[in-house]
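Visitor: To start, I am sharing the structure in question, which I have written as structure tokens.
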Amino acid sequence: MEETYLTVRNVLTMKIAIAGFGALGARLGVKLQSAGHEVIGIDGWAAHIAAINTDGLTVVHEDNAPKKYYLPVMTPKEVDGEFDLIILLTKTPQLNRMLTDIQPIITPKTKLLVLSNGLGNIEIMAQHVARDQILAGVTLWTSTLVKPGEIHTTGSGSIKLQAIGESDITPIVDAMNEAHLNVATTNDVLTAIWHKAGINSVLNPLSVLLNASLAEFGTASNAMDMALNILEEIREVGATRGIKVDINAIIADLIKLIRPENAGNHYPSMYQDIKNGKYTEIDFLNGYFAKVGRQENVPTPFNTLVTRMIHAKEDIERVKLAKQQETFEI
Ligand SMILES: NC(=O)C1=CN([C@@H]2O[C@H](COP(=O)(O)OP(=O)(O)OC[C@H]3O[C@@H](n4cnc5c(N)ncnc54)[C@H](OP(=O)(O)O)[C@@H]3O)[C@@H](O)[C@H]2O)C=CC1
Ligand SMILES: CC(C)(CO)C(=O)C(=O)O
């Protein structure tokens with residue numbers, strides 16, 4: 001292992017691929033590159049790839065002047081070589097396809113870290129690689145892809161992760177912390193994933209349905225009542241799977257997250273999907289809880305309704321966008 005690393009400062013320089021170089025992948029990618037790691041992006045959006053490879057990636061952080069970062073981005077077909085770490089940051093419904101597409105670059109030494117939101121990512125990873133290669137985590141970093149080659153970022157964030165099988169992940173954690181990614185390890189990542197899915201099941205669909213940033217959502221006098229409606233159901237569903245969903249801890253995190261110095265000015269990733277006419281991760285969040293609820297006879301009327309409303313919104317926005325494009329083409 002050592003020979004693939006070049007020692008700088010007090011951590012090892014790693015060869016890292018970010019598979020899914022969209023909003024969040026690009027943010028983490030430039031942070032890792034700035035810390036001296038060799039980073040490439042893997043993505044499928046041709047215009048985005050072309051913009052970055054031609055003019056660099058533009059990052060606008062809060063009110064700061066835009067900054068350019070130069071790093072190679074390519075499609076899964078074009079990528080070659082061996083990587084110490086592949087960070088998966090596709091939307092959850094795209095994870096299986098991405099893992100299939102990058103199979104040629106995964107060697108038995110490669111570690112793969114999934115940070116996508118929602119439930120079920122570890123099971124998908126386990127269909128493609130050995131358990132000892134899998135790291136799973138959750139992140140509170142945020143980012144918005146505003147146009148090909150440009151992301152806007154707000155506040156700061158953190159990552160909590162765990163190796164799923166038997167493996168020493170200290171070099172990876174150190175490397176990521178060298179990039180100020182605020183990584184902590186946990187020995188109960190499943191609870192952390194349910195906790196984060198609880199946060200997302202409140203903030204993501206409600207920001208779409210209320211057309212609100214996180215901070216704006218927080219100004220609604222009944223924001224926490226709605227959060228409780230959703231979270232109390234998730235707690236009951238979690239109990240059927242042996243997961244303890246701590247509502248007070250989730251509410252405490254929601255309150256922290258919606259502060260402007262954290263992610264208050266951010267519009268969640270689901271809001272961005274709806275705006276771009278894409279399908280969302282709702283079936284891996286509220287929709288997942290509603291489905292398990294049905295299987296286990298736990299009533300989940302709030303999560304069921306929220307899931308239906310987001311699917312309706314997907315349809316409405318996709319039809320609207322298609323009409324706009326038709327008008328554009330005339
Ligand atoms: N954005 C945020 O602030 C946060 C996001 N997250 C989570 O992180 C994950 C990523 O989110 P985000 O960065 O917003 O998502 P984006 O949609 O911006 O980025 C995902 C990128 O992956 C690409 N991609 C997906 N599948 C493939 C494939 N098979 N081959 C090539 N490229 C592929 C997509 O390209 P294409 O569009 O062409 O498919 C897209 O550019 C999600 O699970 C999200 O919930 C978590 C915390 C905050
Ligand atoms: C901002 C945050 C943490 C919650 O909405 C997120 O995970 C997302 O944007 O998907």
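Ligands are numbered from 1 in the order shown, residues from 1 within each chain, and chains are lettered A, B, ... in the order they appear in the structure tokens.
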What does the list of residues within 8 Å of ligand 1 look like if you count only C-alpha atoms and all ligand atoms, written as an MDAnalysis selection string?

Guide: chainID A and resid 19:26 42:46 48 75:76 89:92 94:101 115:118 138:145 266:270 272:273 281

Visitor: Please return as number ranges by chain: the residues of region 141-310 of chain A that backbone DSSP assigns to helix (DSSP H, G or I).

Guide: A: 170-178, 189-210, 214-218, 223-240, 247-257, 269-275, 282-284, 286-296, 301-310

Visitor: What does the distance from CA of Val60 (chain A) to CA of His152 (chain A) come to in Å, to one decimal?

Guide: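 Pair CA of Val60 (chain A) / CA of His152 (chain A) returns 4.8 Å.
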
Visitor: Residues at most 10 Å from Thr280 (chain A), counting only C-alpha atoms, excluding those fewer than 2 positions away in the same chain, as a ChimeraX atom specification?

Guide: /A:91-93,204-205,269-274,277-278,282-285,310-311,313-314

Visitor: Applying 6 Å and only C-alpha atoms, which residues near region 160-177 of chain A remain after dropping the ones on its own chain fewer than 6 positions away? List them as a list in words.

Guide: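 So the residues in contact are Arg131, Asp132, Ile134, Leu135, Ala136, Gly137, Val138, Val183, Ala184, Thr185, Thr186 and Val189 of chain A.
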
Visitor: Out of A:Pro148, A:Gly155, A:Gly29, A:Gly81, which residue has the shortest atom-to-atom distance to Glu261 (chain A) when counting only C-alpha atoms?

Guide: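 Nearest candidate to Glu261 (chain A) out of A:Pro148, A:Gly155, A:Gly29, A:Gly81: A:Gly155.
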